[in-house]
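J.: Next up, run04.cif (mmCIF, C-alpha atoms; chains and numbers go by the auth columns).
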```
data_data
#
loop_
_atom_site.group_PDB
_atom_site.id
_atom_site.type_symbol
_atom_site.label_atom_id
_atom_site.label_comp_id
_atom_site.label_asym_id
_atom_site.label_seq_id
_atom_site.Cartn_x
_atom_site.Cartn_y
_atom_site.Cartn_z
_atom_site.B_iso_or_equiv
_atom_site.auth_seq_id
_atom_site.auth_asym_id
ATOM 1 C CA MET A 1 15.505 3.978 -10.748 0.00 1 A
ATOM 2 C CA SER A 2 16.295 0.857 -8.698 0.00 2 A
ATOM 3 C CA ALA A 3 12.840 -0.549 -9.532 0.00 3 A
ATOM 4 C CA ILE A 4 13.229 0.063 -13.259 0.00 4 A
ATOM 5 C CA ALA A 5 16.595 -1.668 -13.662 0.00 5 A
ATOM 6 C CA PRO A 6 15.447 -5.254 -12.860 0.00 6 A
ATOM 7 C CA VAL A 7 12.526 -4.859 -15.268 0.00 7 A
ATOM 8 C CA MET A 8 14.895 -3.618 -17.965 0.00 8 A
ATOM 9 C CA ILE A 9 17.177 -6.605 -17.369 0.00 9 A
ATOM 10 C CA ILE A 10 14.283 -8.997 -18.007 0.00 10 A
ATOM 11 C CA LEU A 11 13.167 -7.085 -21.084 0.00 11 A
ATOM 12 C CA ALA A 12 16.743 -7.017 -22.423 0.00 12 A
ATOM 13 C CA TYR A 13 17.038 -10.787 -22.024 0.00 13 A
ATOM 14 C CA LEU A 14 13.729 -11.357 -23.811 0.00 14 A
ATOM 15 C CA CYS A 15 14.755 -8.962 -26.584 0.00 15 A
ATOM 16 C CA GLY A 16 18.072 -10.759 -26.972 0.00 16 A
ATOM 17 C CA SER A 17 16.264 -14.100 -27.104 0.00 17 A
ATOM 18 C CA VAL A 18 14.641 -13.192 -30.422 0.00 18 A
ATOM 19 C CA SER A 19 17.054 -14.974 -32.754 0.00 19 A
ATOM 20 C CA SER A 20 17.105 -13.035 -36.007 0.00 20 A
ATOM 21 C CA ALA A 21 19.288 -15.651 -37.698 0.00 21 A
ATOM 22 C CA ILE A 22 16.704 -18.381 -37.157 0.00 22 A
ATOM 23 C CA LEU A 23 13.737 -16.158 -38.052 0.00 23 A
ATOM 24 C CA VAL A 24 15.343 -14.732 -41.197 0.00 24 A
ATOM 25 C CA CYS A 25 16.265 -18.209 -42.376 0.00 25 A
ATOM 26 C CA ARG A 26 12.725 -19.437 -41.774 0.00 26 A
ATOM 27 C CA LEU A 27 11.183 -16.504 -43.639 0.00 27 A
ATOM 28 C CA ALA A 28 13.624 -16.911 -46.534 0.00 28 A
ATOM 29 C CA GLY A 29 13.146 -20.671 -46.725 0.00 29 A
ATOM 30 C CA LEU A 30 16.765 -21.330 -45.757 0.00 30 A
ATOM 31 C CA PRO A 31 18.101 -24.177 -43.582 0.00 31 A
ATOM 32 C CA ASP A 32 18.136 -23.709 -39.814 0.00 32 A
ATOM 33 C CA PRO A 33 21.531 -22.082 -39.069 0.00 33 A
ATOM 34 C CA ARG A 34 21.828 -24.213 -35.931 0.00 34 A
ATOM 35 C CA ASP A 35 21.923 -27.324 -38.106 0.00 35 A
ATOM 36 C CA SER A 36 23.786 -26.011 -41.164 0.00 36 A
ATOM 37 C CA GLY A 37 27.216 -24.594 -41.905 0.00 37 A
ATOM 38 C CA SER A 38 29.026 -23.907 -38.651 0.00 38 A
ATOM 39 C CA HIS A 39 25.823 -24.505 -36.632 0.00 39 A
ATOM 40 C CA ASN A 40 26.112 -21.005 -35.168 0.00 40 A
ATOM 41 C CA PRO A 41 22.987 -18.813 -35.523 0.00 41 A
ATOM 42 C CA GLY A 42 24.814 -15.633 -36.441 0.00 42 A
ATOM 43 C CA ALA A 43 25.319 -13.331 -39.397 0.00 43 A
ATOM 44 C CA THR A 44 28.492 -15.020 -40.699 0.00 44 A
ATOM 45 C CA ASN A 45 26.869 -18.442 -40.859 0.00 45 A
ATOM 46 C CA VAL A 46 23.764 -16.957 -42.494 0.00 46 A
ATOM 47 C CA LEU A 47 26.073 -15.351 -45.066 0.00 47 A
ATOM 48 C CA ARG A 48 27.407 -18.800 -45.829 0.00 48 A
ATOM 49 C CA ILE A 49 24.052 -20.511 -46.225 0.00 49 A
ATOM 50 C CA GLY A 50 21.849 -17.656 -47.438 0.00 50 A
ATOM 51 C CA GLY A 51 23.886 -14.850 -48.986 0.00 51 A
ATOM 52 C CA LYS A 52 24.569 -11.187 -48.260 0.00 52 A
ATOM 53 C CA GLY A 53 21.010 -9.913 -47.988 0.00 53 A
ATOM 54 C CA ALA A 54 19.988 -12.352 -45.289 0.00 54 A
ATOM 55 C CA ALA A 55 23.279 -11.848 -43.435 0.00 55 A
ATOM 56 C CA VAL A 56 22.920 -8.052 -43.410 0.00 56 A
ATOM 57 C CA ALA A 57 19.370 -8.339 -42.065 0.00 57 A
ATOM 58 C CA VAL A 58 20.588 -10.619 -39.258 0.00 58 A
ATOM 59 C CA LEU A 59 23.513 -8.351 -38.419 0.00 59 A
ATOM 60 C CA ILE A 60 21.362 -5.215 -38.196 0.00 60 A
ATOM 61 C CA PHE A 61 18.755 -6.897 -36.016 0.00 61 A
ATOM 62 C CA ASP A 62 21.376 -8.411 -33.697 0.00 62 A
ATOM 63 C CA VAL A 63 22.974 -4.990 -33.210 0.00 63 A
ATOM 64 C CA LEU A 64 19.624 -3.323 -32.550 0.00 64 A
ATOM 65 C CA LYS A 65 18.495 -5.848 -29.958 0.00 65 A
ATOM 66 C CA GLY A 66 21.576 -4.997 -27.909 0.00 66 A
ATOM 67 C CA MET A 67 21.387 -1.265 -28.565 0.00 67 A
ATOM 68 C CA LEU A 68 17.720 -0.513 -27.902 0.00 68 A
ATOM 69 C CA PRO A 69 17.392 -1.909 -24.329 0.00 69 A
ATOM 70 C CA VAL A 70 20.584 -0.157 -23.198 0.00 70 A
ATOM 71 C CA TRP A 71 19.598 3.082 -24.910 0.00 71 A
ATOM 72 C CA ALA A 72 16.158 2.987 -23.284 0.00 72 A
ATOM 73 C CA ALA A 73 17.653 2.306 -19.854 0.00 73 A
ATOM 74 C CA TRP A 74 20.188 5.105 -20.313 0.00 74 A
ATOM 75 C CA ALA A 75 17.365 7.503 -21.251 0.00 75 A
ATOM 76 C CA LEU A 76 15.573 6.513 -18.038 0.00 76 A
ATOM 77 C CA GLY A 77 18.630 7.433 -15.985 0.00 77 A
ATOM 78 C CA VAL A 78 19.825 3.941 -15.047 0.00 78 A
ATOM 79 C CA THR A 79 23.321 3.952 -13.509 0.00 79 A
ATOM 80 C CA PRO A 80 26.364 2.548 -15.369 0.00 80 A
ATOM 81 C CA PHE A 81 26.483 -0.589 -13.193 0.00 81 A
ATOM 82 C CA TRP A 82 22.897 -1.514 -14.047 0.00 82 A
ATOM 83 C CA LEU A 83 23.450 -0.557 -17.675 0.00 83 A
ATOM 84 C CA GLY A 84 26.209 -3.156 -17.755 0.00 84 A
ATOM 85 C CA LEU A 85 23.873 -5.824 -16.381 0.00 85 A
ATOM 86 C CA ILE A 86 21.228 -4.878 -18.939 0.00 86 A
ATOM 87 C CA ALA A 87 23.795 -5.187 -21.737 0.00 87 A
ATOM 88 C CA ILE A 88 24.898 -8.573 -20.420 0.00 88 A
ATOM 89 C CA ALA A 89 21.261 -9.698 -20.188 0.00 89 A
ATOM 90 C CA ALA A 90 20.720 -8.872 -23.873 0.00 90 A
ATOM 91 C CA CYS A 91 23.821 -10.893 -24.781 0.00 91 A
ATOM 92 C CA LEU A 92 22.738 -13.794 -22.567 0.00 92 A
ATOM 93 C CA GLY A 93 19.435 -13.798 -24.395 0.00 93 A
ATOM 94 C CA HIS A 94 21.273 -14.030 -27.719 0.00 94 A
ATOM 95 C CA ILE A 95 23.543 -16.796 -26.461 0.00 95 A
ATOM 96 C CA TRP A 96 20.824 -18.764 -24.640 0.00 96 A
ATOM 97 C CA PRO A 97 17.492 -17.683 -26.193 0.00 97 A
ATOM 98 C CA ILE A 98 14.499 -18.841 -24.201 0.00 98 A
ATOM 99 C CA PHE A 99 12.362 -18.853 -27.351 0.00 99 A
ATOM 100 C CA PHE A 100 14.689 -21.196 -29.267 0.00 100 A
ATOM 101 C CA ASN A 101 15.603 -23.979 -26.835 0.00 101 A
ATOM 102 C CA PHE A 102 18.549 -21.984 -25.452 0.00 102 A
ATOM 103 C CA ARG A 103 20.621 -22.582 -28.611 0.00 103 A
ATOM 104 C CA GLY A 104 21.992 -19.212 -29.668 0.00 104 A
ATOM 105 C CA GLY A 105 25.013 -17.452 -31.093 0.00 105 A
ATOM 106 C CA LYS A 106 28.111 -15.876 -29.612 0.00 106 A
ATOM 107 C CA GLY A 107 26.760 -12.417 -28.848 0.00 107 A
ATOM 108 C CA VAL A 108 29.347 -10.195 -30.503 0.00 108 A
ATOM 109 C CA ALA A 109 26.987 -8.146 -32.684 0.00 109 A
ATOM 110 C CA THR A 110 24.574 -7.792 -29.769 0.00 110 A
ATOM 111 C CA ALA A 111 27.422 -6.731 -27.471 0.00 111 A
ATOM 112 C CA PHE A 112 28.563 -4.199 -30.058 0.00 112 A
ATOM 113 C CA GLY A 113 25.044 -2.780 -30.148 0.00 113 A
ATOM 114 C CA ALA A 114 24.934 -2.626 -26.352 0.00 114 A
ATOM 115 C CA ILE A 115 28.177 -0.606 -26.251 0.00 115 A
ATOM 116 C CA ALA A 116 27.130 1.751 -29.077 0.00 116 A
ATOM 117 C CA PRO A 117 24.953 4.064 -26.896 0.00 117 A
ATOM 118 C CA ILE A 118 28.076 5.104 -24.965 0.00 118 A
ATOM 119 C CA GLY A 119 29.129 7.186 -27.966 0.00 119 A
ATOM 120 C CA TRP A 120 29.567 7.110 -31.725 0.00 120 A
ATOM 121 C CA ASP A 121 33.283 7.819 -31.355 0.00 121 A
ATOM 122 C CA LEU A 122 33.710 4.638 -29.328 0.00 122 A
ATOM 123 C CA THR A 123 31.486 2.741 -31.766 0.00 123 A
ATOM 124 C CA GLY A 124 33.675 3.802 -34.686 0.00 124 A
ATOM 125 C CA VAL A 125 36.892 2.808 -32.935 0.00 125 A
ATOM 126 C CA MET A 126 35.473 -0.576 -31.972 0.00 126 A
ATOM 127 C CA ALA A 127 34.228 -1.283 -35.495 0.00 127 A
ATOM 128 C CA GLY A 128 37.581 -0.191 -36.912 0.00 128 A
ATOM 129 C CA THR A 129 39.467 -2.492 -34.537 0.00 129 A
ATOM 130 C CA TRP A 130 37.380 -5.493 -35.520 0.00 130 A
ATOM 131 C CA LEU A 131 37.651 -4.753 -39.232 0.00 131 A
ATOM 132 C CA LEU A 132 41.406 -4.118 -39.159 0.00 132 A
ATOM 133 C CA THR A 133 42.038 -7.320 -37.202 0.00 133 A
ATOM 134 C CA VAL A 134 39.961 -9.362 -39.644 0.00 134 A
ATOM 135 C CA LEU A 135 41.652 -7.818 -42.672 0.00 135 A
ATOM 136 C CA LEU A 136 45.145 -8.405 -41.263 0.00 136 A
ATOM 137 C CA GLY A 137 44.565 -11.805 -39.697 0.00 137 A
ATOM 138 C CA GLY A 138 41.768 -13.242 -41.790 0.00 138 A
ATOM 139 C CA TYR A 139 39.887 -14.578 -38.757 0.00 139 A
ATOM 140 C CA SER A 140 36.476 -13.212 -37.786 0.00 140 A
ATOM 141 C CA SER A 141 36.789 -14.780 -34.344 0.00 141 A
ATOM 142 C CA LEU A 142 40.168 -13.110 -33.795 0.00 142 A
ATOM 143 C CA GLY A 143 38.559 -9.752 -34.574 0.00 143 A
ATOM 144 C CA ALA A 144 35.966 -10.388 -31.882 0.00 144 A
ATOM 145 C CA ILE A 145 38.558 -11.545 -29.347 0.00 145 A
ATOM 146 C CA VAL A 146 40.900 -8.587 -29.906 0.00 146 A
ATOM 147 C CA SER A 147 37.995 -6.132 -29.804 0.00 147 A
ATOM 148 C CA ALA A 148 36.724 -7.622 -26.537 0.00 148 A
ATOM 149 C CA LEU A 149 40.196 -7.396 -24.993 0.00 149 A
ATOM 150 C CA ILE A 150 40.696 -3.763 -25.990 0.00 150 A
ATOM 151 C CA ALA A 151 37.124 -2.516 -25.416 0.00 151 A
ATOM 152 C CA PRO A 152 37.536 -1.714 -21.674 0.00 152 A
ATOM 153 C CA PHE A 153 40.620 0.404 -22.435 0.00 153 A
ATOM 154 C CA TYR A 154 38.792 2.294 -25.168 0.00 154 A
ATOM 155 C CA VAL A 155 35.889 2.952 -22.822 0.00 155 A
ATOM 156 C CA TRP A 156 38.228 4.079 -20.045 0.00 156 A
ATOM 157 C CA TRP A 157 39.679 6.615 -22.476 0.00 157 A
ATOM 158 C CA PHE A 158 36.348 7.950 -23.767 0.00 158 A
ATOM 159 C CA LYS A 159 33.954 7.543 -20.801 0.00 159 A
ATOM 160 C CA PRO A 160 35.645 5.951 -17.768 0.00 160 A
ATOM 161 C CA GLN A 161 32.412 5.610 -15.769 0.00 161 A
ATOM 162 C CA PHE A 162 31.392 2.762 -18.093 0.00 162 A
ATOM 163 C CA THR A 163 34.663 0.835 -17.841 0.00 163 A
ATOM 164 C CA PHE A 164 33.488 -1.765 -15.324 0.00 164 A
ATOM 165 C CA PRO A 165 30.238 -2.779 -17.086 0.00 165 A
ATOM 166 C CA VAL A 166 32.016 -2.984 -20.452 0.00 166 A
ATOM 167 C CA ALA A 167 34.749 -5.097 -18.847 0.00 167 A
ATOM 168 C CA MET A 168 32.054 -7.500 -17.614 0.00 168 A
ATOM 169 C CA LEU A 169 30.610 -7.685 -21.115 0.00 169 A
ATOM 170 C CA SER A 170 34.069 -8.317 -22.587 0.00 170 A
ATOM 171 C CA CYS A 171 34.621 -11.205 -20.168 0.00 171 A
ATOM 172 C CA LEU A 172 31.377 -12.805 -21.366 0.00 172 A
ATOM 173 C CA ILE A 173 32.399 -12.512 -25.019 0.00 173 A
ATOM 174 C CA LEU A 174 35.881 -13.901 -24.335 0.00 174 A
ATOM 175 C CA TRP A 175 34.425 -16.833 -22.397 0.00 175 A
ATOM 176 C CA ARG A 176 32.008 -17.550 -25.253 0.00 176 A
ATOM 177 C CA HIS A 177 34.984 -17.726 -27.626 0.00 177 A
ATOM 178 C CA HIS A 178 37.075 -20.138 -25.573 0.00 178 A
ATOM 179 C CA ASP A 179 36.823 -22.808 -28.282 0.00 179 A
ATOM 180 C CA ASN A 180 37.944 -20.318 -30.934 0.00 180 A
ATOM 181 C CA ILE A 181 40.888 -19.257 -28.759 0.00 181 A
ATOM 182 C CA GLN A 182 42.026 -22.868 -28.481 0.00 182 A
ATOM 183 C CA ARG A 183 41.724 -23.413 -32.239 0.00 183 A
ATOM 184 C CA LEU A 184 43.649 -20.210 -32.943 0.00 184 A
ATOM 185 C CA TRP A 185 46.391 -21.332 -30.567 0.00 185 A
ATOM 186 C CA ARG A 186 46.623 -24.710 -32.332 0.00 186 A
ATOM 187 C CA GLY A 187 46.459 -23.168 -35.806 0.00 187 A
ATOM 188 C CA GLN A 188 43.197 -24.992 -36.521 0.00 188 A
ATOM 189 C CA GLU A 189 40.868 -22.016 -36.952 0.00 189 A
ATOM 190 C CA THR A 190 39.436 -21.501 -40.442 0.00 190 A
ATOM 191 C CA LYS A 191 39.965 -18.141 -42.101 0.00 191 A
ATOM 192 C CA ILE A 192 36.858 -16.236 -43.119 0.00 192 A
ATOM 193 C CA TRP A 193 38.014 -16.057 -46.759 0.00 193 A
ATOM 194 C CA LYS A 194 38.103 -19.850 -47.008 0.00 194 A
ATOM 195 C CA LYS A 195 34.633 -20.033 -45.502 0.00 195 A
ATOM 196 C CA LEU A 196 33.232 -17.693 -48.100 0.00 196 A
ATOM 197 C CA ARG A 197 34.783 -19.738 -50.901 0.00 197 A
ATOM 198 C CA ARG A 198 33.355 -22.954 -49.457 0.00 198 A
ATOM 199 C CA LYS A 199 30.136 -21.631 -48.021 0.00 199 A
ATOM 200 C CA LYS A 200 28.246 -24.804 -48.834 0.00 200 A
ATOM 201 C CA THR A 201 30.729 -26.984 -46.960 0.00 201 A
ATOM 202 C CA PRO A 202 30.154 -27.441 -43.191 0.00 202 A
ATOM 203 C CA ASP A 203 33.220 -26.669 -41.077 0.00 203 A
ATOM 204 C CA ASN A 204 34.278 -25.505 -37.654 0.00 204 A
ATOM 205 C CA ASP A 205 32.755 -22.211 -36.650 0.00 205 A
ATOM 206 C CA GLY A 206 35.147 -19.342 -36.461 0.00 206 A
ATOM 207 C CA GLU A 207 32.637 -16.555 -36.806 0.00 207 A
ATOM 208 C CA ALA A 208 31.724 -14.272 -33.995 0.00 208 A
ATOM 209 C CA LYS A 209 28.229 -13.042 -34.614 0.00 209 A
#
```
Taking this structure as input, can you express it in the form of structure tokens?
T.:
Amino acid sequence: MSAIAPVMIILAYLCGSVSSAILVCRLAGLPDPRDSGSHNPGATNVLRIGGKGAAVAVLIFDVLKGMLPVWAAWALGVTPFWLGLIAIAACLGHIWPIFFNFRGGKGVATAFGAIAPIGWDLTGVMAGTWLLTVLLGGYSSLGAIVSALIAPFYVWWFKPQFTFPVAMLSCLILWRHHDNIQRLWRGQETKIWKKLRRKKTPDNDGEAK
């Protein structure tokens, strides 16, 4: 399987590089999400500039492009360490897409999809953690940060052999949110509810898709 893993890493990066936010906006005749709203090509920004239908399409595609490469590699018997690298490659493709001048999103939905093949029980707990954090705090970015921090502990509880690769993925997500962490610390992050009320007004990006 050592020969398959590097090929899967490349394929995962290329899959991640297909920016659904940009493509959906082009097909729907919407502004480029990299130049509108929060300038982040993710589902939350597409929700702001294009509505629920476009945002749901982006979210589903972003999850699938993280899920499918990892699922395929798992089916081929790739070891947990390489599975982690494949998951990271898919997220790197989303963050720095080769097909779109390396201007991508933050990788949270893609990371969620990459973790999903570990088990539906873990997937449900992760989704619940993100949703509860957003409902209580009002910040989409905070939901992503808390979920990334807790994810390795969840994985250790459910399937400990995947703890290290998921920890690597969590570090990538946390690093990608360093600006959001600073704004949260300063009290300058915008709550998701305010964004939805002012979806036509550009502001700082606090989303995590």
J.: With all atoms listed in the file counted, which protein, DNA or RNA residues have an atom no more than 10 Å from (39.9, -5.3, -28.9) in the file frame? Please answer as a short mmCIF file (atom, residue, chain, number, x, y, z; two decimals) with C-alpha atoms, in the frame of the given file.
T.:
```
data_model
loop_
_atom_site.label_atom_id
_atom_site.label_comp_id
_atom_site.auth_asym_id
_atom_site.auth_seq_id
_atom_site.Cartn_x
_atom_site.Cartn_y
_atom_site.Cartn_z
CA VAL A 125 36.89 2.81 -32.94
CA MET A 126 35.47 -0.58 -31.97
CA ALA A 127 34.23 -1.28 -35.49
CA GLY A 128 37.58 -0.19 -36.91
CA THR A 129 39.47 -2.49 -34.54
CA TRP A 130 37.38 -5.49 -35.52
CA THR A 133 42.04 -7.32 -37.20
CA LEU A 142 40.17 -13.11 -33.80
CA GLY A 143 38.56 -9.75 -34.57
CA ALA A 144 35.97 -10.39 -31.88
CA ILE A 145 38.56 -11.54 -29.35
CA VAL A 146 40.90 -8.59 -29.91
CA SER A 147 37.99 -6.13 -29.80
CA ALA A 148 36.72 -7.62 -26.54
CA LEU A 149 40.20 -7.40 -24.99
CA ILE A 150 40.70 -3.76 -25.99
CA ALA A 151 37.12 -2.52 -25.42
CA PRO A 152 37.54 -1.71 -21.67
CA PHE A 153 40.62 0.40 -22.44
CA TYR A 154 38.79 2.29 -25.17
CA SER A 170 34.07 -8.32 -22.59
#
```
J.: For Val24 in chain A, which residue among A:Ala43, A:Leu76, A:Val63, A:Ala111 is the nearest when counting only C-alpha atoms?
T.: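 The answer is A:Ala43, which sits nearest to Val24 in chain A.
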J.: If we count all atoms listed in the file, what is near Leu172 in chain A at a cut-off of 10 Å, once residues fewer than 3 positions away on the same chain are taken out, given as a PDB file with C-alpha atoms, in the frame of the given file?
T.:
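Result file around-v4.pdb:
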```
ATOM      1  CA  ILE A  88      24.898  -8.573 -20.420  1.00  0.00           C
ATOM      2  CA  CYS A  91      23.821 -10.893 -24.781  1.00  0.00           C
ATOM      3  CA  LEU A  92      22.738 -13.794 -22.567  1.00  0.00           C
ATOM      4  CA  LYS A 106      28.111 -15.876 -29.612  1.00  0.00           C
ATOM      5  CA  GLY A 107      26.760 -12.417 -28.848  1.00  0.00           C
ATOM      6  CA  VAL A 108      29.347 -10.195 -30.503  1.00  0.00           C
ATOM      7  CA  ALA A 111      27.422  -6.731 -27.471  1.00  0.00           C
ATOM      8  CA  ALA A 148      36.724  -7.622 -26.537  1.00  0.00           C
ATOM      9  CA  VAL A 166      32.016  -2.984 -20.452  1.00  0.00           C
ATOM     10  CA  ALA A 167      34.749  -5.097 -18.847  1.00  0.00           C
ATOM     11  CA  MET A 168      32.054  -7.500 -17.614  1.00  0.00           C
ATOM     12  CA  LEU A 169      30.610  -7.685 -21.115  1.00  0.00           C
ATOM     13  CA  TRP A 175      34.425 -16.833 -22.397  1.00  0.00           C
ATOM     14  CA  ARG A 176      32.008 -17.550 -25.253  1.00  0.00           C
ATOM     15  CA  HIS A 177      34.984 -17.726 -27.626  1.00  0.00           C
TER      16      HIS A 177
END
```
J.: Between CA of Val78 in chain A and CA of Ala5 in chain A, what is the distance, to one decimal in Å?
T.: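 Atom-to-atom, CA of Val78 in chain A to CA of Ala5 in chain A, that is 6.6 Å.
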J.: To one decimal place in Å, what is the distance between CA of Gly138 in chain A and CA of Gly105 in chain A?
T.: 20.3 Å
J.: How would range 62-82 of chain A read, as a PDB file, keeping the file's coordinate frame, once N, CA and C atoms are built in?
T.:
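This went into out.pdb:
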```pdb
ATOM      1  N   ASP A  62      20.597  -8.019 -34.883  1.00  0.00           N
ATOM      2  CA  ASP A  62      21.376  -8.411 -33.697  1.00  0.00           C
ATOM      3  C   ASP A  62      21.987  -7.197 -33.008  1.00  0.00           C
ATOM      4  N   VAL A  63      22.441  -6.216 -33.794  1.00  0.00           N
ATOM      5  CA  VAL A  63      22.974  -4.990 -33.210  1.00  0.00           C
ATOM      6  C   VAL A  63      21.876  -4.212 -32.492  1.00  0.00           C
ATOM      7  N   LEU A  64      20.721  -4.101 -33.122  1.00  0.00           N
ATOM      8  CA  LEU A  64      19.624  -3.323 -32.550  1.00  0.00           C
ATOM      9  C   LEU A  64      19.091  -3.928 -31.251  1.00  0.00           C
ATOM     10  N   LYS A  65      19.058  -5.252 -31.169  1.00  0.00           N
ATOM     11  CA  LYS A  65      18.495  -5.848 -29.958  1.00  0.00           C
ATOM     12  C   LYS A  65      19.439  -5.718 -28.759  1.00  0.00           C
ATOM     13  N   GLY A  66      20.690  -5.362 -29.009  1.00  0.00           N
ATOM     14  CA  GLY A  66      21.576  -4.997 -27.909  1.00  0.00           C
ATOM     15  C   GLY A  66      21.523  -3.509 -27.633  1.00  0.00           C
ATOM     16  N   MET A  67      21.367  -2.716 -28.686  1.00  0.00           N
ATOM     17  CA  MET A  67      21.387  -1.265 -28.565  1.00  0.00           C
ATOM     18  C   MET A  67      20.134  -0.694 -27.900  1.00  0.00           C
ATOM     19  N   LEU A  68      18.962  -1.136 -28.340  1.00  0.00           N
ATOM     20  CA  LEU A  68      17.720  -0.513 -27.902  1.00  0.00           C
ATOM     21  C   LEU A  68      17.451  -0.645 -26.396  1.00  0.00           C
ATOM     22  N   PRO A  69      17.634  -1.833 -25.779  1.00  0.00           N
ATOM     23  CA  PRO A  69      17.392  -1.909 -24.329  1.00  0.00           C
ATOM     24  C   PRO A  69      18.343  -1.023 -23.530  1.00  0.00           C
ATOM     25  N   VAL A  70      19.613  -0.982 -23.925  1.00  0.00           N
ATOM     26  CA  VAL A  70      20.584  -0.157 -23.198  1.00  0.00           C
ATOM     27  C   VAL A  70      20.284   1.321 -23.411  1.00  0.00           C
ATOM     28  N   TRP A  71      19.931   1.694 -24.616  1.00  0.00           N
ATOM     29  CA  TRP A  71      19.598   3.082 -24.910  1.00  0.00           C
ATOM     30  C   TRP A  71      18.375   3.525 -24.101  1.00  0.00           C
ATOM     31  N   ALA A  72      17.369   2.662 -24.044  1.00  0.00           N
ATOM     32  CA  ALA A  72      16.158   2.987 -23.284  1.00  0.00           C
ATOM     33  C   ALA A  72      16.474   3.140 -21.796  1.00  0.00           C
ATOM     34  N   ALA A  73      17.291   2.236 -21.272  1.00  0.00           N
ATOM     35  CA  ALA A  73      17.653   2.306 -19.854  1.00  0.00           C
ATOM     36  C   ALA A  73      18.479   3.555 -19.566  1.00  0.00           C
ATOM     37  N   TRP A  74      19.393   3.890 -20.481  1.00  0.00           N
ATOM     38  CA  TRP A  74      20.188   5.105 -20.313  1.00  0.00           C
ATOM     39  C   TRP A  74      19.299   6.343 -20.298  1.00  0.00           C
ATOM     40  N   ALA A  75      18.291   6.366 -21.191  1.00  0.00           N
ATOM     41  CA  ALA A  75      17.365   7.503 -21.251  1.00  0.00           C
ATOM     42  C   ALA A  75      16.547   7.624 -19.969  1.00  0.00           C
ATOM     43  N   LEU A  76      16.330   6.507 -19.288  1.00  0.00           N
ATOM     44  CA  LEU A  76      15.573   6.513 -18.038  1.00  0.00           C
ATOM     45  C   LEU A  76      16.449   6.827 -16.828  1.00  0.00           C
ATOM     46  N   GLY A  77      17.733   7.037 -17.065  1.00  0.00           N
ATOM     47  CA  GLY A  77      18.630   7.433 -15.985  1.00  0.00           C
ATOM     48  C   GLY A  77      19.218   6.291 -15.180  1.00  0.00           C
ATOM     49  N   VAL A  78      19.244   5.095 -15.746  1.00  0.00           N
ATOM     50  CA  VAL A  78      19.825   3.941 -15.047  1.00  0.00           C
ATOM     51  C   VAL A  78      21.333   4.132 -14.922  1.00  0.00           C
ATOM     52  N   THR A  79      21.894   3.751 -13.784  1.00  0.00           N
ATOM     53  CA  THR A  79      23.321   3.952 -13.509  1.00  0.00           C
ATOM     54  C   THR A  79      24.190   3.014 -14.354  1.00  0.00           C
ATOM     55  N   PRO A  80      25.471   3.370 -14.545  1.00  0.00           N
ATOM     56  CA  PRO A  80      26.364   2.548 -15.369  1.00  0.00           C
ATOM     57  C   PRO A  80      26.426   1.084 -14.947  1.00  0.00           C
ATOM     58  N   PHE A  81      26.417   0.802 -13.647  1.00  0.00           N
ATOM     59  CA  PHE A  81      26.483  -0.589 -13.193  1.00  0.00           C
ATOM     60  C   PHE A  81      25.294  -1.385 -13.721  1.00  0.00           C
ATOM     61  N   TRP A  82      24.094  -0.821 -13.568  1.00  0.00           N
ATOM     62  CA  TRP A  82      22.897  -1.514 -14.047  1.00  0.00           C
ATOM     63  C   TRP A  82      22.858  -1.566 -15.569  1.00  0.00           C
TER      64      TRP A  82
END
```
